[in-house]
Every structure is written in structure tokens, then in C-alpha cells.
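Undergrad: Supplied in C-alpha cells, the structure appears directly below.
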Amino acid sequence: MLARRLARLILLLPMLFAPIWLAAAPTQLPDGVPAAEPSLQGQLLIASSAIGDPRFAHTVILMVRHDRSGALGLVINRPFEERTIADLLAAIGRKDDTVEGRLRVYQGGPVEIGAGFFLHSADYHGTDTVDIDGHIAMSSDPAILNAIGHHKGPEKFLFALGYAGWGPGQLEAEFARKDWFTAPADPKFVFDEDRELLWERAMARRTRDL
């Protein structure tokens, strides 16, 4: 049912996607606000089997940002549909009949589910690209779609609608409830691992229980 709802949402991309693609991108930490210690940026967040929120059951999240102002990540194991790059560009008013290829669309999280984000290898850098750990980055400017469609984009990428977000201290409280485990991330695991086995394999990689 979730996949069908998200598939219907993607049909609304002209209304949902275009206005907030840029606005939904993570902002930089304000001056004077120190990073959270320890920061989980660049780590995997793995839902415990007993997590109380069904929206995150058996999810694996790559943490894009984690500091005293809150946290943001993208779910990387909930694909729900494939679309052509041409269709996605047309849906946001950037029609380009010269692009090629298709991409898998993921449910990135329950916040701003009409906003699009690319996790990708660090060989691509756009005007809004956020470096995560030196190996994986995130971009939300639609120019990356054109680049991929013209074979000039990153070598590896994952496209998600929506994100997972936490306010200050919220994620730490969920750790205290034993909702999450953590594990190191690397590009091969994030982009190449079998999605159906990702949660189990991430659990096998966990290095600490918070």
C-alpha cells in the first residue's frame, strides 16, 4: 500500500517537487553551534527490530548530518518504483528529450516526501553538493538529473523522495530507547548491496549499540 501511495505522489511532482527541491536541502550549521559529539554523519543508522515507529521498521538510513541543531538522513533500502530521467525532468518543468536512462526511486523518509535528493559518489560536485564523508555526497539541484541523463553525472547514485529528520536531542532520545544501532558506511555498501538483504547485512556490520 505504501508503494502505491508513493507512486501516486510522484504523479504530483509538478506541484510537490519543483517548489521545494532546493528549499528542502539541509542548511549549514549556524555559526557558533558546535557539532554533536559524537556525530553520526556518514554512518548508517539501523532500525532495531523492536522500534516503535512503523514508518522506520527494518530501515537503514545514511546519516547526512548530525549536530546540535538536529539530524537528517536518507533511507536507502526502500525502493518503490523506476522512472525515466526524461519523465522526472518533464515533471518538474525541465523537459529534455535528449537525456537517456532510468533510475530507481526510493522512499527517503517521511518528511517532505515531494522533495528529491541524490546520494552519490564524490566524483560529482554541483552547486549545492554537500560532502558527507569524503566518499559519499548529497545533491538536490535538479541539474544532477540532466548530468546523469547525459552520462556526465556521478559513477554511483541513489535517488530518494523525502528524508528522515530529527530535532535537537530527538535522535539521542531514540538511542536511549534502543530504537537504533549504528554501523560504518562505505560507497559499495550504500550503492551496490542487495536492497532486500540490506537491513540484515547492516545489522551484521553494527559496531555499537547506543
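Order determines the names: the first chain of the C-alpha cells is A, the second B, and so forth; residues in each chain are numbered 1 upward, and ligands are numbered 1 upward as they are shown.
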Quick one: residues within 12 Å of Phe118 of chain A, only C-alpha atoms counted, chain neighbours fewer than 2 positions away excluded, as an NGL selection string?

TA: :A and (21 or 25 or 62 or 64 or 73-76 or 103-108 or 115-116 or 120-122 or 124-126 or 128-131 or 136-145 or 148 or 153-154 or 156-163 or 191)

Undergrad: Write out the residues from the selection above, keeping C-alpha atoms, as an mmCIF file, in the first residue's frame.

TA:
data_model
loop_
_atom_site.group_PDB
_atom_site.id
_atom_site.type_symbol
_atom_site.label_atom_id
_atom_site.label_comp_id
_atom_site.auth_asym_id
_atom_site.auth_seq_id
_atom_site.Cartn_x
_atom_site.Cartn_y
_atom_site.Cartn_z
ATOM 1 C CA TRP A 21 13.581 20.713 -4.262
ATOM 2 C CA ALA A 25 18.062 20.743 1.145
ATOM 3 C CA LEU A 62 22.586 7.015 5.764
ATOM 4 C CA VAL A 64 23.763 13.137 6.047
ATOM 5 C CA GLY A 73 19.338 11.152 6.876
ATOM 6 C CA LEU A 74 18.023 9.229 3.878
ATOM 7 C CA VAL A 75 16.525 5.744 3.959
ATOM 8 C CA ILE A 76 18.490 3.618 1.480
ATOM 9 C CA LEU A 103 16.551 5.331 -12.252
ATOM 10 C CA ARG A 104 15.090 3.650 -9.210
ATOM 11 C CA VAL A 105 13.150 5.896 -6.847
ATOM 12 C CA TYR A 106 13.444 5.347 -3.088
ATOM 13 C CA GLN A 107 11.324 6.440 -0.176
ATOM 14 C CA GLY A 108 13.910 8.564 1.623
ATOM 15 C CA ALA A 115 11.422 16.707 -2.321
ATOM 16 C CA GLY A 116 14.136 14.881 -4.259
ATOM 17 C CA HIS A 120 26.118 9.898 -4.859
ATOM 18 C CA SER A 121 29.793 9.158 -5.131
ATOM 19 C CA ALA A 122 32.148 12.076 -4.536
ATOM 20 C CA TYR A 124 30.406 14.639 -8.897
ATOM 21 C CA HIS A 125 30.123 18.115 -7.386
ATOM 22 C CA GLY A 126 27.272 20.505 -8.172
ATOM 23 C CA ASP A 128 24.620 22.629 -3.843
ATOM 24 C CA THR A 129 26.515 19.391 -3.215
ATOM 25 C CA VAL A 130 27.027 18.547 0.459
ATOM 26 C CA ASP A 131 30.074 16.398 1.246
ATOM 27 C CA ILE A 136 29.685 9.975 -0.408
ATOM 28 C CA ALA A 137 27.927 13.278 -1.064
ATOM 29 C CA MET A 138 24.379 14.569 -1.449
ATOM 30 C CA SER A 139 22.909 16.920 -4.061
ATOM 31 C CA SER A 140 19.395 18.225 -4.528
ATOM 32 C CA ASP A 141 19.750 20.598 -7.508
ATOM 33 C CA PRO A 142 17.829 19.120 -10.493
ATOM 34 C CA ALA A 143 20.932 19.771 -12.621
ATOM 35 C CA ILE A 144 22.231 16.417 -11.428
ATOM 36 C CA LEU A 145 19.364 14.724 -13.288
ATOM 37 C CA ILE A 148 23.122 11.716 -15.250
ATOM 38 C CA GLY A 153 26.886 12.521 -13.550
ATOM 39 C CA PRO A 154 28.370 10.584 -10.644
ATOM 40 C CA LYS A 156 27.205 5.816 -8.279
ATOM 41 C CA PHE A 157 23.949 7.372 -7.123
ATOM 42 C CA LEU A 158 20.689 6.776 -5.294
ATOM 43 C CA PHE A 159 17.609 8.961 -5.764
ATOM 44 C CA ALA A 160 15.148 9.410 -2.897
ATOM 45 C CA LEU A 161 11.957 11.343 -2.266
ATOM 46 C CA GLY A 162 11.659 12.711 1.257
ATOM 47 C CA TYR A 163 14.043 12.402 4.183
ATOM 48 C CA PHE A 191 25.071 1.851 -3.581
#

Undergrad: Just the residues within 9 Å of segment 171-187 of chain A, please, counting only C-alpha atoms, with nothing from its chain fewer than 6 positions along; format it as a ChimeraX atom specification.

TA: /A:40,42-53,62,70-71,120-121,135-136,156,165,202-210

Undergrad: Excluding Arg55 of chain A and residues on its chain fewer than 3 positions from it, collect all residues at most 9 Å away from it, counting only C-alpha atoms, and give them as JSON, numbers by chain.

TA: {"A": [52, 59, 109, 110]}

Undergrad: What separation in Å, quoted to one decimal, exists between atom CA of Phe56 of chain A and atom CA of Lys188 of chain A?

TA: 22.7 Å

Undergrad: Just the number, please: distance in Å from atom CA of Phe189 of chain A to atom CA of Phe117 of chain A, one decimal.

TA: 18.4 Å

Undergrad: Name the residues of segment 109-146 of chain A that fall into helix (DSSP H, G or I) according to DSSP on the backbone, using the chain letters and numbers of this document, as a CSV table (one decimal) with C-alpha atoms, in the first residue's frame.

TA:
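Below is the file states.csv, written as the result:
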chain,number,residue,atom,x,y,z
A,143,ALA,CA,20.9,19.8,-12.6
A,144,ILE,CA,22.2,16.4,-11.4
A,145,LEU,CA,19.4,14.7,-13.3
A,146,ASN,CA,20.5,16.3,-16.5

Undergrad: Could you find all residues in segment 44-197 of chain A that DSSP calls strand (DSSP E or B) from the backbone, and write them as a VMD selection string?

TA: chain A and resid 44 to 47 60 to 67 70 to 75 79 to 84 102 to 107 111 to 121 130 to 131 136 to 139 157 to 166 180 to 184

Undergrad: For Asp194 of chain A, which residue out of A:Pro54, A:Gly169, A:Gly114, A:Pro79 is the nearest one, using only C-alpha atoms?

TA: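 Nearest candidate to Asp194 of chain A out of A:Pro54, A:Gly169, A:Gly114, A:Pro79: A:Pro79.
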
Undergrad: Considering only C-alpha atoms, return as a list in words whatever protein or nucleic-acid residues lie within 8 Å of Arg102 of chain A, sequence-local ones (same chain, fewer than 2 positions apart) excluded.

TA: Glu82, Arg83, Thr84, Ile85, Glu100 and Arg104 of chain A

Undergrad: To one decimal place, how far is atom CA of Asp192 of chain A from atom CA of Ala164 of chain A in Å?

TA: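 Atom CA of Ala164 of chain A lies at a distance of 21.4 Å from atom CA of Asp192 of chain A.
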